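> Structure below; questions to follow.
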Amino acid sequence: MSDSSDDDYSLEQAKEDIGILRRVESETVEAIRNTEEEAVIEYLIKEQQLDIAHEGKRGLGNVRRAVLESNAASDELKRLVSLRGDETPKDILVPREVKRNAQVALEAGKPVVLYGPTGTGKTTFAKQLARETCIGYTLNTATPSWTPSDIIGGISPDYSGDSLSYRTKLGCVSEAVQRARRFDGEYGVILDEITRADISKIFGPLYTAIENPHQTIFETDDGETIELDERVNIICTMNMSDRTVNELDNAITRRFAMIELDEYEEDKRRQLFKDWINTHISGNSDLDESEILRLFERDYQGINHGNESTSQGSIMRFGPMHYRDIAIFLGVGCREGGAYEHDQTEAVGQAFQTYIVPRLLNSAAFPQVERIAEHYRALNGEFDEFDLSPAAELAERELEQERRQMGSYE
């Protein structure tokens, strides 16, 4: 191989050495580190895809780290290697003002909270937002056991040696700060479903960091201090099915840009339904696709906007993304050799019983449970070609259980 120890590894050398670069990962890393030409990295990564050759379609290995840490690599190339294997849809379906408000907030240095009903695509949009504004991002889903150390960092036991010792461990925001520094670009950290955790508890140190961005919030074992970097974009998602914005701690609404995702434009929603039906059901079942589309629309409208004939309004807010699970279930279950190949009308009701009704009941109060049961009884009567009784019966059982519990309190 040509001498790559010079700090001027050229495109001509890269083309001459491509055989060994393709075979030896360490030589590829050295070539990237020792070039001052963006064209060299573009040739090795964009054209020859040596990061995939050495590290597979996803993951952050030595080759991709070398690109991210290179001063010669453009943000486009850094984004390319950082997002390898990321299957986030490219089409952004949220309303235009939602996208614009989120982008402006991040540009202004504000962390963002995307909130709204279940199934409105908050996590997908969070990833799309991170992809558009950053060279890379991490996705972290909150749990009830989260503490401030999961956000900022803390001390954790180390069992790797002969005796127990302790070391510092970065939290997800501190890790994003470190990557923004090392990769010299904007880096995103997504905190998904933060309502699963105690927000006031886990965000305490983060609130302090937002108010005092130059204050050290963490220090590593190597002595590196972590301060909240303006190149770190913090994007949170919050399911508001069980609370309202007014019920949140004022601390988060003061420090974060609160951006609601709720209703999708009708044409975009219908296109989503059509795409899922075409992708997952077409060719895999004998189900009438136009009737499946009509069922999705009738169910969505009934839940979100109520029944015009009875002058009843919305049951609850419920997003369209849940129907993708229905389409996948039907495509897999009804295909040749599938569990419902010979019971395709029953499969529809089973899919709704599995994916839609439990999600509705999970956050429903008693009057809503009554209306959910009524809604699926009506749908079952309207669609003769589908057996929706499993969905209706699940709602009825929940309703009866609620009535028994209420009776026991009287």
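Labeling convention for the structure tokens: chains A, B, ... as they appear, residues from 1 per chain, ligands from 1 in order of appearance.
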Fewer than 2 positions away in the same chain doesn't count, so skip those; otherwise give me all residues within 10 Å of Thr143 in chain A, counting only C-alpha atoms, as a list of chain:residue names.
A:Asn140, A:Thr141, A:Ser145, A:Trp146, A:Thr147, A:Asp192, A:Glu193, A:Ile194, A:Thr195, A:Arg196, A:Ala197, A:Asp198
> I need the strand (DSSP E or B) residues of range 212-244 of chain A per DSSP on the backbone, written as a PyMOL selection string.
chain A and resi 218-219+225-226+232-239
> Need to verify the contact set: range 207-218 of chain A, 10 Å, only C-alpha atoms, exclusion of same-chain residues closer than 5 positions in sequence. Can you return it as a ChimeraX atom specification?
/A:109-111,149,152-154,168-171,174,200,202,223-230,251-252,254-256
> Go through range 133-323 of chain A and collect every residue that DSSP, computed from the backbone, puts in helix (DSSP H, G or I); the answer should be as a ChimeraX atom specification.
/A:133,148-151,172-183,194-196,199-202,204-211,245-247,250-255,266-281,289-305,308-310,322-323
> Keeping C-alpha atoms for every residue in the selection just given, could you write it to a file as a PDB file, in the first residue's frame?

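After the write, part-v1.pdb holds the following:
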ATOM      1  CA  THR A 133     -30.973  19.071  11.830  1.00  0.00           C
ATOM      2  CA  PRO A 148     -31.153  11.925  36.666  1.00  0.00           C
ATOM      3  CA  SER A 149     -28.093   9.752  35.999  1.00  0.00           C
ATOM      4  CA  ASP A 150     -29.807   8.384  32.876  1.00  0.00           C
ATOM      5  CA  ILE A 151     -29.950  11.960  31.553  1.00  0.00           C
ATOM      6  CA  CYS A 172     -27.716  10.210  27.191  1.00  0.00           C
ATOM      7  CA  VAL A 173     -27.537  14.029  27.092  1.00  0.00           C
ATOM      8  CA  SER A 174     -23.907  14.086  28.273  1.00  0.00           C
ATOM      9  CA  GLU A 175     -23.042  11.476  25.656  1.00  0.00           C
ATOM     10  CA  ALA A 176     -24.630  13.676  22.980  1.00  0.00           C
ATOM     11  CA  VAL A 177     -22.510  16.618  24.180  1.00  0.00           C
ATOM     12  CA  GLN A 178     -19.374  14.489  23.900  1.00  0.00           C
ATOM     13  CA  ARG A 179     -20.280  13.372  20.376  1.00  0.00           C
ATOM     14  CA  ALA A 180     -21.104  16.908  19.249  1.00  0.00           C
ATOM     15  CA  ARG A 181     -17.620  17.936  20.391  1.00  0.00           C
ATOM     16  CA  ARG A 182     -15.746  15.019  18.894  1.00  0.00           C
ATOM     17  CA  PHE A 183     -17.658  14.985  15.632  1.00  0.00           C
ATOM     18  CA  ILE A 194     -40.878  10.793  28.925  1.00  0.00           C
ATOM     19  CA  THR A 195     -44.255  10.508  30.667  1.00  0.00           C
ATOM     20  CA  ARG A 196     -43.223   6.950  31.595  1.00  0.00           C
ATOM     21  CA  ILE A 199     -40.316  14.103  34.693  1.00  0.00           C
ATOM     22  CA  SER A 200     -39.672  16.491  37.580  1.00  0.00           C
ATOM     23  CA  LYS A 201     -37.254  14.032  39.147  1.00  0.00           C
ATOM     24  CA  ILE A 202     -35.208  13.028  36.093  1.00  0.00           C
ATOM     25  CA  GLY A 204     -33.900  18.439  37.620  1.00  0.00           C
ATOM     26  CA  PRO A 205     -30.186  18.687  36.651  1.00  0.00           C
ATOM     27  CA  LEU A 206     -31.141  19.213  32.995  1.00  0.00           C
ATOM     28  CA  TYR A 207     -33.291  22.210  33.942  1.00  0.00           C
ATOM     29  CA  THR A 208     -30.247  23.655  35.718  1.00  0.00           C
ATOM     30  CA  ALA A 209     -28.077  23.046  32.650  1.00  0.00           C
ATOM     31  CA  ILE A 210     -30.608  24.758  30.369  1.00  0.00           C
ATOM     32  CA  GLU A 211     -30.710  27.786  32.652  1.00  0.00           C
ATOM     33  CA  VAL A 245     -50.419  20.312  29.113  1.00  0.00           C
ATOM     34  CA  ASN A 246     -51.901  22.251  32.053  1.00  0.00           C
ATOM     35  CA  GLU A 247     -51.186  19.299  34.334  1.00  0.00           C
ATOM     36  CA  ASN A 250     -44.353  24.439  34.935  1.00  0.00           C
ATOM     37  CA  ALA A 251     -40.603  23.823  34.890  1.00  0.00           C
ATOM     38  CA  ILE A 252     -40.772  21.882  31.635  1.00  0.00           C
ATOM     39  CA  THR A 253     -43.233  24.196  29.878  1.00  0.00           C
ATOM     40  CA  ARG A 254     -41.004  27.190  30.701  1.00  0.00           C
ATOM     41  CA  ARG A 255     -37.807  25.632  29.397  1.00  0.00           C
ATOM     42  CA  GLU A 266     -57.233  14.011   5.572  1.00  0.00           C
ATOM     43  CA  ASP A 267     -55.447  13.379   2.286  1.00  0.00           C
ATOM     44  CA  LYS A 268     -52.207  12.483   4.054  1.00  0.00           C
ATOM     45  CA  ARG A 269     -53.995  10.145   6.437  1.00  0.00           C
ATOM     46  CA  ARG A 270     -55.819   8.358   3.605  1.00  0.00           C
ATOM     47  CA  GLN A 271     -52.560   8.063   1.696  1.00  0.00           C
ATOM     48  CA  LEU A 272     -50.974   6.451   4.731  1.00  0.00           C
ATOM     49  CA  PHE A 273     -53.791   3.909   4.911  1.00  0.00           C
ATOM     50  CA  LYS A 274     -53.543   3.188   1.179  1.00  0.00           C
ATOM     51  CA  ASP A 275     -49.776   2.746   1.337  1.00  0.00           C
ATOM     52  CA  TRP A 276     -49.995   0.278   4.224  1.00  0.00           C
ATOM     53  CA  ILE A 277     -52.743  -1.696   2.497  1.00  0.00           C
ATOM     54  CA  ASN A 278     -50.783  -1.812  -0.773  1.00  0.00           C
ATOM     55  CA  THR A 279     -47.542  -2.746   0.965  1.00  0.00           C
ATOM     56  CA  HIS A 280     -48.786  -5.382   3.385  1.00  0.00           C
ATOM     57  CA  ILE A 281     -52.191  -6.684   2.248  1.00  0.00           C
ATOM     58  CA  GLU A 289     -58.911  -3.592  -0.138  1.00  0.00           C
ATOM     59  CA  SER A 290     -61.379  -0.785  -0.734  1.00  0.00           C
ATOM     60  CA  GLU A 291     -63.482  -2.063   2.162  1.00  0.00           C
ATOM     61  CA  ILE A 292     -60.409  -2.325   4.399  1.00  0.00           C
ATOM     62  CA  LEU A 293     -59.671   1.311   3.578  1.00  0.00           C
ATOM     63  CA  ARG A 294     -63.277   2.252   4.339  1.00  0.00           C
ATOM     64  CA  LEU A 295     -63.094   0.356   7.637  1.00  0.00           C
ATOM     65  CA  PHE A 296     -59.920   2.181   8.654  1.00  0.00           C
ATOM     66  CA  GLU A 297     -61.552   5.510   7.824  1.00  0.00           C
ATOM     67  CA  ARG A 298     -64.826   4.720   9.599  1.00  0.00           C
ATOM     68  CA  ASP A 299     -63.017   3.479  12.709  1.00  0.00           C
ATOM     69  CA  TYR A 300     -60.681   6.464  12.808  1.00  0.00           C
ATOM     70  CA  GLN A 301     -63.506   8.960  12.262  1.00  0.00           C
ATOM     71  CA  GLY A 302     -65.745   7.313  14.845  1.00  0.00           C
ATOM     72  CA  ILE A 303     -63.058   7.396  17.518  1.00  0.00           C
ATOM     73  CA  ASN A 304     -61.794  10.899  16.791  1.00  0.00           C
ATOM     74  CA  HIS A 305     -64.950  12.701  15.645  1.00  0.00           C
ATOM     75  CA  GLU A 308     -72.997  12.264  13.347  1.00  0.00           C
ATOM     76  CA  SER A 309     -76.238  10.245  13.329  1.00  0.00           C
ATOM     77  CA  THR A 310     -76.372  10.218  17.135  1.00  0.00           C
ATOM     78  CA  HIS A 322     -51.964   2.212  14.807  1.00  0.00           C
ATOM     79  CA  TYR A 323     -53.521   0.990  11.558  1.00  0.00           C
TER      80      TYR A 323
END
> Under the rule that only C-alpha atoms are counted, which of A:Phe203, A:Asp325, A:Ala14, A:Asp86 is the nearest residue to Thr138 in chain A?
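Of A:Phe203, A:Asp325, A:Ala14, A:Asp86, the one nearest Thr138 in chain A, counting only C-alpha atoms, is A:Asp86.
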> When distances are computed from only C-alpha atoms, which of A:Tyr187, A:Phe352, A:Tyr264, A:Phe383 shows the smallest separation from Gly119 in chain A?
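Using only C-alpha atoms, the shortest distance to Gly119 in chain A belongs to A:Tyr264.
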> List as a list in words the protein and nucleic acid residues near Cys134 in chain A, meaning an atom at most 8 Å away when only C-alpha atoms are counted, but skip any in the same chain fewer than 6 places from it.
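Listing them by chain and then by number gives Arg79, Gly185, Glu186, Tyr187, Gly188 and Asn233 of chain A.
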